[in-house]
Structures are given as structure tokens and as C-alpha cells.
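**Student:** Sharing a structure below in C-alpha cells format, with a few things to ask.
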Amino acid sequence: MEANTRSTGRLPAAFLTPGSSSFMDFLGDHSPDLLPGNRPLPPVQGAIEAPHGTTIVAAAFPGGVVLAGDRRATMGNVIAQRDIEKVFPADEYSAVGIAGTAGLAVEMVKLFQLELEHFEKVEGAQLSLEGKANRLSTMIRSNLGMAMQGLAVVPLFAGYDLDREKGRIFSYDVTGGRSEELGFAATGSGSVFARSSLKKLFQEDFTEDQTVMAVVQALYDAADDDSATGGPDMARRIYPIVTVITEDGFRKLTESEVAEVARAIYERRLEQPDGPRAALL
Amino acid sequence: MSTPFYVSPQQAMADRAEYARKGIARGRSVVVLQYTDGVVFVAENPSRALHKVSEIYDRIAFAAVGKYNEFENLRIGGVRYADLRGYTYDREDVTARGLANVYAQTLGTIFSSAAEKPYEVELIVAEVGSAPEEDQIYRLPHDGSIVDEHGSVAVGGNADQISSYLDQRHRDGMTLAEALKLAVDSLSRDTNGGERTLTAEQLEVATLDRTRPQQRKFKRILGRQLSRLLDEHAAEGDGKPAADADGGSGKAGASDEGADGKGTKGAKDKDDSEGESGPLL
């Protein structure tokens, strides 16, 4: 069947059969072997060594949401990659950041992007933000077999809800359980530290710029305490990926914009290594 | 039981072609034109929900006339083909040429198979390149032949007449407003030489815009933006188009009949108000 799409022959009947607007459903019917969840799992002893992505943080502000990630991928105690990208646009109004096994996670994002785009093209309308979040849930669940072997993918999904007119954040566990987070959230190995940092810094009425600053502070704090999370690399000019989603859609901050924020934080930390202090009471 | 009598293959094919052509001729035309920044698609289509022009992939769009369920089927097949191909290989590997080939094979097989009725559709597949010379436009008639087009092309009821009108007037390096004006002028000419006025509400307009920062270059031009572009050309032409339109709508009102009555009446009302506001601009 697959050969038919490669040759210049007629479209196979499955392509012209009316059916679901879901690309995953179509793949399941037509080429199930291409679905990540359908791969047979080889029996393995112990955990498999593969590059892992680490910390992703998100925070909402009135009018939108910020999703950001550090750039480090680790394999055991080795830094596998210094400039990996872990935050991707899912579509015009949402983004997904991934922690966990990098290879599987990137594949999942690719399929998720396609799923949303496919639906949009076929139906002529976008899925609701809730619908998108549920779709991602299903995909994580299909990876459960892999997750049990240590190849887990745990994304963070953020988007602007056009109906409710606000930014929303969804977090997931390895079984595909999703929960909506209020205000801010983090996932990955450095998430504990990032979350604590945001807990002290975050305010609901932050502006977009303030939210970006708070989120990069949180990534700095995660990198400070978690060896798998990379801080801003001033020497190599590798800075976190920061994306903002508002009513106007998805926007990735340029390197110079993030560099400015990261540099400001870095200089301040030269004087005060632990960063900004919250009031005791 | 009646005896089947002999029909020559030539006659059988001629009959099938005539059947398909008649079906197509009932539909309103779609025109596709190159302009400086890409390719513009213009169709007369009063429906907001049922599209004649759609996105297929990043740089590829689709336009069709004829029987809705048949071309919609082909459109979804095309979206599935493109998405699967992009997923299997890379987004770059999805090309209009590949898609046009698949459509040609599909239409050709259906046309020459005695078991199926020929599709009453005519398609256009276009891809925008990084420069006007790299734009590709393919026209696919009902029989599965494939025609490589440049500059401008029309399909549907009055295709021949509209094409020759466009051929004479289309030139390289038109702006979007100029191309749109030419397209609307060509669509509003009646078979009997009269002119109707097409308003923004009766038009479906979309572009493949190479200057769009997003990966997906397809964009619908709707509502205010469309009216503004249409007004732009009305204002440019000074009093002349208004005078033409007045005469034209009068004629069209008399010559058009049945189902068209409503549309023409709407057009006339709009036209009158434009006549008033026209000189003010």
C-alpha cells in the first residue's frame, strides 16, 4: 500500500474514502506501521540510554501565555546536545514543549502538528484548544509501552483559547493523564526547581515582558540546581527558546530578544547568585 | 433481455467526455493568476462554507469546478497524500508536480474505466515558488490529462472565453489588487457579452503568498481586506468602472434568469451604493 503513495499511480481507495478528519486515524487504517504507538517493542533489560530533554516551563499572563525551554539534552551524565530545541509551535495558536526521550518526543510533536493541520485543512476550521489538548493526551497514551521501558515523553501544552480569550496551560503524565494548570507549570527533570522559582516570582497581572523575565529566571534556577538543565550559555551564545502565544498567534522570540533577557538576569546574578528574593510575609 | 449493441471506443469516449464537459459547464468558473508575490485564486462562490479553493500543503493550493462531492473527495485525497508524504519523507518533498501526477492518474483511471462514471470536475493545482519563475500551475481536465500553465488560467463554464480575456490582459509583475481586478473583470463577463458586477460577498478569494513568514503560504482573503482590495481598483479606474458597472448590471439583470436572479439583485444594490461612495474616495 505504501508503495502506491511513492509511485505516481492512482490514489489508493483509502485516500478517497470519506472518513475521519484525523490524520492519525487515516494512518491507522492505511499504514499502521507508521504510527509510533504501533511499533513492536523489543524485549530489553534495564533502561535504554537515549538523549533526554529536560526542563520546560510555562506561565500565563492576561492576554496570552509564555512557553519556554532550556537547550540541553543529556544521555546519562553526558551532555548529548547543547542547542536542542524542545519548544515547537503546534499550530497558529498553540505550542508544545517536550521533556523526556528526545527522539520519540520530536516524532510525537511532528505527528501532533500534522494532526492539527490535517484537521484544519479537511474541516476548514480549527480544533478547540480543549480538543487539541485531548488529542495530545491520546498520543502520549499510545506511547505507554515505550514509557514503561523508560522512554517516556512528557510534554507541556500551552495555547491561546480564542473562545475564552485567554492563555491556557495543560500538563501531562506518562499515561496521558492531562490536567489544566492555573498560572504556571513546569515539566522535566528541572521542573521541581523551576516550579518553586515561579511560585515565588509569578504574579497573575504580569505583562508579557515580565512573564518572559519570570520564566527565564525559573529556567536559570532549574539549571542552577539540576545538572541536566542547561543555563544560558553566554560563551556559545546559546539561550533558552521562549515562545509567546496571544490573540495574534504564535511568536518565537528572536535570539537577540532572549539574549537581552538572559544577559540581564546573568548580570544581576553575578551580584546576587540566588536571584530575586520574595518577601517573607 | 436486450442484446447489447456495439459502440465504438471512439464513440464511447466521446460520449463520456461530453457528459463530463456538460457537468463542468454548469458550474461557475475559477480563475488563477500569478502576481508579484504569488498566485491568487478567484472564484464566484456565494457559499461561505463550501469552498472551491483550498489549502493542500505549505506551498500548494487547489481549486476546482464541477460536482462538489467529487472534487471534495479529490481534495481530501490530496491532503492525505500530501500529509502522508511529508510525514514519511520531508515537507520539502511534497510538490505540486507530484500531486498533479497523482490527480491525473486518478482522473484518467476513472475516466477510462467503464465501471465508473467519469468525474465531472476540472482541477487546478498550484505551487508558489520563491520567485515568480518558480511558480507552478497545473490544470487537470476531467479526462486525466495535465496542462502546465503560466500567467493565468481559467476552468469551468466559460473557461475558454475567460482564458482568452485573461491571456490578452495578464502581464508579469501585477500587484495583488491589479490581478484581483483583472480576475473579477474576467469572471463578471457574461457569455452574451454583457457584464455583471461581482461583489465581495459573491467572491471566494485566496492567495499563495510567498512573502508570508509562516511555513504555510495559503491565505484566504476575506471581509474587509477583500472589500478594500476591490475598492482599491474601483478608485484607481476613476469614473470609468462605475459607468461600466451601471450599464452592465442593468443588462445582467435582464439577461440572467432563475437562480441567478437573487445574486444579481444583491449585486445591483451593492453596486448602487458603490456608485454613491465611489466619487467620494
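By order of appearance in the C-alpha cells: chains A, B, ..., then residues from 1 within every chain, and ligands from 1 in the order shown.
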Show me, as a PyMOL selection string, the residues of chain B whose atoms get within 9 Å of chain A, using only C-alpha atoms for the distance check.
**Tutor:** chain B and resi 49+51+54-57+73-81+83-85+87-88+98-99+101-109
**Student:** Report as a count of residues only: the residues of segment 148-232 of chain A with a DSSP assignment of strand (DSSP E or B), based on the backbone of this structure.
**Tutor:** 24
**Student:** Enumerate, in order of chain and increasing residue number, the residues of segment 65-84 of chain B with an atom no farther than 12 Å from segment 129-141 of chain B, each with its shortest atom pair and distance in Å to one decimal, counting only C-alpha atoms, as JSON lines.
**Tutor:**
{"residue": "B:Val65", "atom": "CA", "partner": "B:Pro141", "partner_atom": "CA", "distance": 10.0}
{"residue": "B:Gly66", "atom": "CA", "partner": "B:Pro141", "partner_atom": "CA", "distance": 10.5}
{"residue": "B:Phe71", "atom": "CA", "partner": "B:Leu140", "partner_atom": "CA", "distance": 11.6}
{"residue": "B:Leu74", "atom": "CA", "partner": "B:Leu140", "partner_atom": "CA", "distance": 11.9}
**Student:** State, in Å with one decimal place, the distance from atom CA of Val153 of chain B to atom CA of Ser186 of chain B.
**Tutor:** 11.0 Å
**Student:** Looking only at the backbone, which of the residues in segment 69-191 of chain A does DSSP tag as helix (DSSP H, G or I), as a ChimeraX atom specification?
**Tutor:** /A:102-123,129-142,144-148,191
